[in-house]
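Asks: Before we start, here is the structure in question, set down as structure tokens.
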Amino acid sequence: MLSTIEKAPINHSNNIKYVNFKDLRYSHIIRKVKTHKPKWNKVIMLLDFSEHSKRYPTLIIEENQGFYLIETSINVIINQMLAENNITNKQLIDHFCECLGLKHTYPILTAHSSFIALPKFNRNKCNHSWINVSFLNHLPSLNNRKYTDFMLKENQFICLPISEKYVNNKLDDLNKLISYFNSEWLQLCQILAILFKDAQLYNGKRVTIKDCLNQWLLKKQPKLDD
């Protein structure tokens with residue numbers, strides 16, 4: 001994985017290789033692409049790199065692809081991922097998060113994976129970065145408690161300026177959201193089972209699941225008095 005960046009920022013300790021994200025620079029990233037469609041279930045991290053490069057504002061770490069820079073901004077990539085893989089619409093997820101009292105940047109649920117937001121590395125310049133929970137294996141950095149080491153593959157880590165407490169809190173938010181979503185989905189399935197009992201096959205116009213959920217959300221919103 002670390003073979004896709006220059007050796008300069010890579011540190012060695014007891015057979016372990018790690019790189020500090022703060023030490024990465026534009027010149028260290030070997031591969032730079034104009035456009036690329038990531039395999040979302042293989043994406044490990046989306047890291048905002050706009051502080052180092054205006055042309056290539058996003059650093060992607062992808063399994064089997066390693067590190068590469070892309071011209072697309074991280075927010076555009078996230079919106080593209082939501083449009084292609086979101087298991088439900090953003091409005092419904094926002095509604096669930098508000099019901100749960102979750103604040104700040106909400107987790108992202110896709111058909112293949114879940115992402116949690118990382119804090120902005122520079123509040124004035126950067127966007128939120130994201131990490132795929134499927135690849136999340138982390139431990140506190142030995143050098144600084146405000147940093148966390150994230151495993152990329154066996155004996156290879158990247159160190160990010162994030163506390164382990166922050167990561168654990170985001171994981172708690174994700175688990176709450178998934179649990180709430182599952183309970184709401186179960187209720188919806190029970191209602192549909194009652195409605196569809198003894199029903200005949202329908203050959204008319206089809207309505208997507210997202211549209212159904214969106215209509216359901218609109219019906220649940222409180223009506224304003226005239």
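For the structure tokens, the naming scheme is as follows: chains receive sequential letters (A, B, ...) according to their order of presentation, residues are indexed from 1 within each chain, and ligands are indexed from 1 in presentation order.
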So which residues touch segment 69-74 of chain A within 9 Å, counting only C-alpha atoms, skipping near sequence neighbours fewer than 2 positions away, as an NGL selection string?
Replies: :A and (26 or 29-36 or 46-50 or 54-61 or 67 or 76-79 or 127-129)
Asks: Kindly save the residues from that selection, with N, CA and C atoms included, as a compact mmCIF listing (two decimals), in the first residue's frame.
Replies:
```
# COMPACT_ATOMS: atom_id res chain seq x y z
N TYR A 26 2.35 17.01 -1.87
CA TYR A 26 1.95 16.74 -3.25
C TYR A 26 2.99 15.90 -3.99
N ILE A 29 3.07 11.88 -3.61
CA ILE A 29 2.05 11.00 -4.19
C ILE A 29 2.43 10.71 -5.64
N ILE A 30 2.69 9.45 -5.94
CA ILE A 30 3.17 9.07 -7.26
C ILE A 30 2.07 9.17 -8.32
N ARG A 31 0.88 8.66 -8.00
CA ARG A 31 -0.19 8.60 -8.99
C ARG A 31 -1.15 9.77 -8.84
N LYS A 32 -1.39 10.46 -9.96
CA LYS A 32 -2.33 11.59 -9.99
C LYS A 32 -3.22 11.41 -11.21
N VAL A 33 -4.53 11.48 -11.01
CA VAL A 33 -5.47 11.23 -12.11
C VAL A 33 -6.48 12.36 -12.22
N LYS A 34 -6.97 12.56 -13.45
CA LYS A 34 -7.98 13.59 -13.67
C LYS A 34 -9.34 13.11 -13.16
N THR A 35 -9.74 11.93 -13.61
CA THR A 35 -10.99 11.34 -13.16
C THR A 35 -10.78 9.86 -12.89
N HIS A 36 -11.51 9.33 -11.97
CA HIS A 36 -11.45 7.90 -11.66
C HIS A 36 -12.69 7.54 -10.87
N LEU A 46 -11.09 8.71 2.26
CA LEU A 46 -11.12 9.89 1.40
C LEU A 46 -10.57 11.03 2.25
N LEU A 47 -9.39 11.52 1.90
CA LEU A 47 -8.73 12.53 2.72
C LEU A 47 -8.64 13.85 1.96
N ASP A 48 -9.04 14.93 2.62
CA ASP A 48 -8.99 16.25 1.99
C ASP A 48 -7.53 16.69 1.87
N PHE A 49 -7.12 16.98 0.64
CA PHE A 49 -5.73 17.34 0.36
C PHE A 49 -5.62 18.74 -0.22
N SER A 50 -6.72 19.51 -0.10
CA SER A 50 -6.78 20.83 -0.73
C SER A 50 -5.77 21.82 -0.15
N LYS A 54 -4.37 22.63 -5.07
CA LYS A 54 -5.66 23.12 -5.54
C LYS A 54 -6.17 22.30 -6.72
N ARG A 55 -5.24 21.81 -7.53
CA ARG A 55 -5.65 21.03 -8.70
C ARG A 55 -6.12 19.63 -8.30
N TYR A 56 -5.43 19.03 -7.33
CA TYR A 56 -5.78 17.68 -6.86
C TYR A 56 -6.19 17.76 -5.38
N PRO A 57 -7.43 18.12 -5.10
CA PRO A 57 -7.84 18.39 -3.72
C PRO A 57 -8.18 17.17 -2.88
N THR A 58 -8.21 15.97 -3.49
CA THR A 58 -8.64 14.78 -2.75
C THR A 58 -7.61 13.66 -2.87
N LEU A 59 -7.24 13.12 -1.72
CA LEU A 59 -6.36 11.95 -1.67
C LEU A 59 -7.22 10.73 -1.35
N ILE A 60 -7.20 9.74 -2.23
CA ILE A 60 -7.97 8.52 -2.04
C ILE A 60 -7.03 7.37 -1.70
N ILE A 61 -7.38 6.61 -0.68
CA ILE A 61 -6.65 5.38 -0.37
C ILE A 61 -7.62 4.24 -0.65
N PHE A 67 -2.46 4.77 -2.70
CA PHE A 67 -2.67 6.21 -2.60
C PHE A 67 -2.72 6.82 -4.01
N VAL A 76 -17.75 16.54 -3.93
CA VAL A 76 -18.34 16.03 -5.16
C VAL A 76 -18.28 14.50 -5.18
N ILE A 77 -17.18 13.94 -4.72
CA ILE A 77 -17.04 12.48 -4.67
C ILE A 77 -18.08 11.87 -3.73
N ILE A 78 -18.27 12.50 -2.56
CA ILE A 78 -19.25 12.01 -1.59
C ILE A 78 -20.65 12.06 -2.19
N ASN A 79 -21.01 13.16 -2.86
CA ASN A 79 -22.33 13.27 -3.48
C ASN A 79 -22.52 12.23 -4.58
N ASN A 127 -12.20 20.44 3.95
CA ASN A 127 -13.49 19.79 4.10
C ASN A 127 -13.31 18.57 5.00
N HIS A 128 -14.42 17.96 5.36
CA HIS A 128 -14.34 16.74 6.16
C HIS A 128 -13.74 15.60 5.32
N SER A 129 -12.93 14.79 5.95
CA SER A 129 -12.44 13.57 5.34
C SER A 129 -13.32 12.42 5.83
```
Asks: Restricting the calculation to only C-alpha atoms, which member of A:Ser53, A:Gln80, A:Ser3, A:Thr148 is positioned closest to Pro38 of chain A?
Replies: A:Gln80
